Amino acid sequence: MSDNTLSKSNLNPNVSVDCVIFGFDGEKLKILLIDREQVMVGDDGEKVYALPGNLIRNDENLDSAAHRVLNELTGLHDIFLEQFGSFGDPDRLTKKTDLAWLKSIRAQPDARVITVAYYSLVRADQLELHASGFAKDALWHDIDKLPSLGFDHDKIIDSALKELRFKSKYQPLGFELLPEKFTLGQLQKLYEAILNTELDKRNFRRKILKMSFLVPLQEKQIGVPHKPARYYTFDKDMYQNYKSNDFYFTL
């Protein structure tokens with residue numbers, strides 16, 4: 001069923017969901033954006049990208065809508081999504097390029113839309129993206145080199161990043177972005193990418209090695225030009241019994 005058909009029959013014109021999907025490539029934090037099928041170009045001639053998002057259906061709850069929209073636009077499914085905020089400023093849909101694009105796909109393009117935002121952490125190297133719907137393509141972008149964004153998606157991303165940085169200090173969220181086995185050096189790079197700061201190697205390792213859910217393996221790196229580092233893994237069952245207030249990074 002086309003988006004236009006849904007707009008006329010079953011889409012709520014005033015409520016949408018947007019998904020902020022974070023990924024990690026071993027060096028930098030990434031974010032997933034879609035390229036619209038109908039080209040959106042800003043005043044400076046630069047293409048405008050957007051978060052995966054769309055209106056909710058009248059017969060679904062917000063969580064179901066977020067998973068549906070993400071799957072329809074990027075092909076991603078079975079991903080844990082956490083709601084972190086809502087955005088409803090009256091002027092969030094006033095950009096000329098955004099309004100022009102909305103007129104091409106929605107029955108009520110001028111309707112005020114309040115969006116509920118979700119975020120997730122994924123291992124980008126293990127996911128296959130299949131853009132569809134009104135998304136021409138789904139692409140990873142460096143968090144510190146984002147292109148022009150539609151609507152108020154820059155504010156939504158900033159809010160999601162603040163939430164990620166806050167929670168990463170007392171929850172081991174970062175382990176979702178690493179391979180099953182990893183070195184302490186890889187783990188430190190991840191946290192430095194999330195927190196956008198350089199961490200002291202000795203203090204970081206002293207702190208992280210206190211965590212009982214970080215399990216050392218009897219394996220080390222092979223074929224590296226430096227002293228092989230030990231691999232570790234994350235024991236989720238053990239973390240469930242761990243006191244979360246004992247896990248905190250002080251910078």
# chains A, B, ... in the order shown; residues from 1 in each chain; ligands from 1
>>> residues_around(residues="Asp91 (chain A)", least_positions_apart="4", cutoff="10 Å", atoms="only C-alpha atoms", output="NGL selection string")
:A and (95 or 112-113 or 151-152)
>>> select_by_dssp(residues="region 42-99 of chain A", states="strand (DSSP E)", output="count of residues only")
14
>>> closest_atom_pairs(of="region 129-178 of chain A", to="region 183-205 of chain A", cutoff="10 Å", atoms="only C-alpha atoms", output="CSV")
residue,atom,partner,partner_atom,distance
A:Ile143,CA,A:Ala193,CA,9.3
A:Asp144,CA,A:Asn196,CA,9.5
A:Leu161,CA,A:Ile194,CA,8.1
A:Lys162,CA,A:Leu195,CA,9.1
A:Leu164,CA,A:Ile194,CA,7.5
A:Arg165,CA,A:Leu195,CA,5.7
A:Phe166,CA,A:Leu195,CA,8.8
A:Ser168,CA,A:Tyr191,CA,7.9
A:Lys169,CA,A:Leu195,CA,9.0
A:Pro172,CA,A:Tyr191,CA,10.0
A:Leu173,CA,A:Tyr191,CA,9.8
A:Gly174,CA,A:Leu190,CA,6.9
A:Phe175,CA,A:Leu187,CA,7.9
A:Leu177,CA,A:Leu190,CA,7.9
A:Leu178,CA,A:Leu187,CA,7.6
>>> atom_distance(atom1="CA of Lys167 (chain A)", atom2="CA of Asn71 (chain A)")
25.5 Å
>>> select_by_dssp(residues="region 75-241 of chain A", states="helix (DSSP H, G or I)", output="NGL selection string")
:A and (96-103 or 124-126 or 153-168 or 173-177 or 184-195 or 201-208 or 236-240)
>>> write_last_selection(atoms="C-alpha atoms", output="short mmCIF file (atom, residue, chain, number, x, y, z; two decimals), in the first residue's frame")
data_model
loop_
_atom_site.label_atom_id
_atom_site.label_comp_id
_atom_site.auth_asym_id
_atom_site.auth_seq_id
_atom_site.Cartn_x
_atom_site.Cartn_y
_atom_site.Cartn_z
CA LYS A 96 10.12 25.45 2.47
CA THR A 97 11.98 22.34 1.33
CA ASP A 98 10.24 20.21 3.96
CA LEU A 99 6.78 21.52 3.11
CA ALA A 100 7.34 20.96 -0.59
CA TRP A 101 8.35 17.37 0.08
CA LEU A 102 5.39 16.74 2.40
CA LYS A 103 2.95 18.00 -0.23
CA ALA A 124 26.60 -1.65 11.62
CA ASP A 125 28.90 -4.26 10.05
CA GLN A 126 26.37 -7.03 10.70
CA HIS A 153 16.16 16.31 12.95
CA ASP A 154 19.36 18.02 14.06
CA LYS A 155 17.70 18.74 17.43
CA ILE A 156 16.42 15.17 17.67
CA ILE A 157 19.89 13.77 17.00
CA ASP A 158 21.47 16.13 19.55
CA SER A 159 18.95 15.00 22.14
CA ALA A 160 19.55 11.31 21.35
CA LEU A 161 23.31 11.81 21.59
CA LYS A 162 22.99 13.46 25.00
CA GLU A 163 20.85 10.53 26.16
CA LEU A 164 23.39 8.05 24.81
CA ARG A 165 26.29 9.80 26.52
CA PHE A 166 24.43 10.03 29.82
CA LYS A 167 23.38 6.38 29.86
CA SER A 168 26.76 5.11 28.69
CA LEU A 173 25.29 0.27 26.34
CA GLY A 174 28.48 0.38 24.34
CA PHE A 175 28.89 -3.38 24.32
CA GLU A 176 26.05 -3.52 21.78
CA LEU A 177 28.36 -1.82 19.27
CA LEU A 184 40.13 -3.18 26.07
CA GLY A 185 41.62 -0.87 23.46
CA GLN A 186 38.58 -1.34 21.22
CA LEU A 187 36.28 -0.75 24.18
CA GLN A 188 38.09 2.47 25.06
CA LYS A 189 37.86 3.72 21.46
CA LEU A 190 34.13 3.13 21.56
CA TYR A 191 33.61 5.12 24.74
CA GLU A 192 35.83 7.91 23.45
CA ALA A 193 33.70 8.05 20.29
CA ILE A 194 30.45 8.14 22.28
CA LEU A 195 31.65 10.68 24.84
CA LYS A 201 44.09 4.67 29.48
CA ARG A 202 45.13 3.64 33.00
CA ASN A 203 42.04 5.06 34.72
CA PHE A 204 39.71 3.62 32.10
CA ARG A 205 41.12 0.12 32.46
CA ARG A 206 41.19 0.27 36.24
CA LYS A 207 37.53 1.23 36.23
CA ILE A 208 36.30 -1.19 33.60
CA LYS A 236 24.68 -10.27 29.97
CA ASP A 237 23.36 -12.73 32.54
CA MET A 238 25.99 -11.65 35.02
CA TYR A 239 25.18 -7.99 34.36
CA GLN A 240 21.57 -8.57 35.42
#
>>> residues_around(residues="region 82-90 of chain A", least_positions_apart="3", cutoff="6 Å", atoms="only C-alpha atoms", output="list in words")
Ile114, Thr115, Val116, Ala117, Tyr118 and Tyr119 of chain A
>>> write_last_selection(atoms="C-alpha atoms", output="mmCIF file, in the first residue's frame")
data_model
loop_
_atom_site.group_PDB
_atom_site.id
_atom_site.type_symbol
_atom_site.label_atom_id
_atom_site.label_comp_id
_atom_site.auth_asym_id
_atom_site.auth_seq_id
_atom_site.Cartn_x
_atom_site.Cartn_y
_atom_site.Cartn_z
ATOM 1 C CA ILE A 114 4.317 15.899 17.016
ATOM 2 C CA THR A 115 6.983 13.236 16.714
ATOM 3 C CA VAL A 116 8.002 10.636 19.297
ATOM 4 C CA ALA A 117 11.669 9.733 18.988
ATOM 5 C CA TYR A 118 13.416 6.409 19.552
ATOM 6 C CA TYR A 119 17.068 5.449 19.532
#
>>> residues_around(residues="region 227-235 of chain A", least_positions_apart="2", cutoff="8 Å", atoms="only C-alpha atoms", output="list in words")
Phe175, Glu180, Lys181, Phe182, Thr183, Leu184, Phe213, Leu214, Val215, Pro216, Leu217, Gln218, Glu219, Lys220, Gln221, Ile222, Val224, Pro225, Asp237, Met238 and Tyr239 of chain A
>>> atom_distance(atom1="CA of Val69 (chain A)", atom2="CA of Val17 (chain A)")
7.8 Å
>>> residues_around(residues="Pro52 (chain A)", least_positions_apart="6", cutoff="12 Å", atoms="only C-alpha atoms", output="MDAnalysis selection string")
chainID A and resid 16:21 31:36 65:76 115 117:119 131:140 149:150 153 156:157
>>> write_last_selection(atoms="C-alpha atoms", output="JSON list (two decimals), in the first residue's frame")
[["chain", "number", "residue", "atom", "x", "y", "z"],
["A", 16, "SER", "CA", 4.85, 10.53, 13.83],
["A", 17, "VAL", "CA", 7.84, 8.50, 15.00],
["A", 18, "ASP", "CA", 11.53, 9.10, 14.20],
["A", 19, "CYS", "CA", 14.35, 6.62, 14.74],
["A", 20, "VAL", "CA", 17.91, 7.59, 15.66],
["A", 21, "ILE", "CA", 20.07, 4.54, 14.92],
["A", 31, "ILE", "CA", 24.19, 7.53, 12.51],
["A", 32, "LEU", "CA", 21.75, 6.12, 9.94],
["A", 33, "LEU", "CA", 20.02, 8.60, 7.62],
["A", 34, "ILE", "CA", 17.77, 8.17, 4.61],
["A", 35, "ASP", "CA", 17.96, 9.82, 1.21],
["A", 36, "ARG", "CA", 14.44, 10.77, 0.12],
["A", 65, "ALA", "CA", 4.90, 2.21, 14.69],
["A", 66, "ALA", "CA", 8.61, 2.82, 15.31],
["A", 67, "HIS", "CA", 9.53, -0.76, 14.38],
["A", 68, "ARG", "CA", 7.27, -0.72, 11.31],
["A", 69, "VAL", "CA", 8.57, 2.59, 9.99],
["A", 70, "LEU", "CA", 12.21, 1.61, 10.53],
["A", 71, "ASN", "CA", 11.66, -1.66, 8.69],
["A", 72, "GLU", "CA", 9.72, -0.06, 5.83],
["A", 73, "LEU", "CA", 12.38, 2.59, 5.15],
["A", 74, "THR", "CA", 15.65, 0.76, 5.89],
["A", 75, "GLY", "CA", 14.89, -2.97, 6.01],
["A", 76, "LEU", "CA", 16.07, -3.24, 9.63],
["A", 115, "THR", "CA", 6.98, 13.24, 16.71],
["A", 117, "ALA", "CA", 11.67, 9.73, 18.99],
["A", 118, "TYR", "CA", 13.42, 6.41, 19.55],
["A", 119, "TYR", "CA", 17.07, 5.45, 19.53],
["A", 131, "ALA", "CA", 15.88, 1.12, 1.56],
["A", 132, "SER", "CA", 12.29, 1.18, 0.35],
["A", 133, "GLY", "CA", 9.12, 3.25, 0.55],
["A", 134, "PHE", "CA", 9.99, 6.90, 0.07],
["A", 135, "ALA", "CA", 13.61, 6.25, 1.05],
["A", 136, "LYS", "CA", 15.85, 6.14, -2.02],
["A", 137, "ASP", "CA", 18.78, 4.97, 0.08],
["A", 138, "ALA", "CA", 19.80, 4.38, 3.71],
["A", 139, "LEU", "CA", 23.33, 5.46, 4.55],
["A", 140, "TRP", "CA", 25.68, 5.63, 7.54],
["A", 149, "LEU", "CA", 18.97, 17.59, 7.70],
["A", 150, "GLY", "CA", 15.25, 18.08, 7.20],
["A", 153, "HIS", "CA", 16.16, 16.31, 12.95],
["A", 156, "ILE", "CA", 16.42, 15.17, 17.67],
["A", 157, "ILE", "CA", 19.89, 13.77, 17.00]]
>>> atom_distance(atom1="CA of Asn54 (chain A)", atom2="CA of Gln108 (chain A)")
13.3 Å
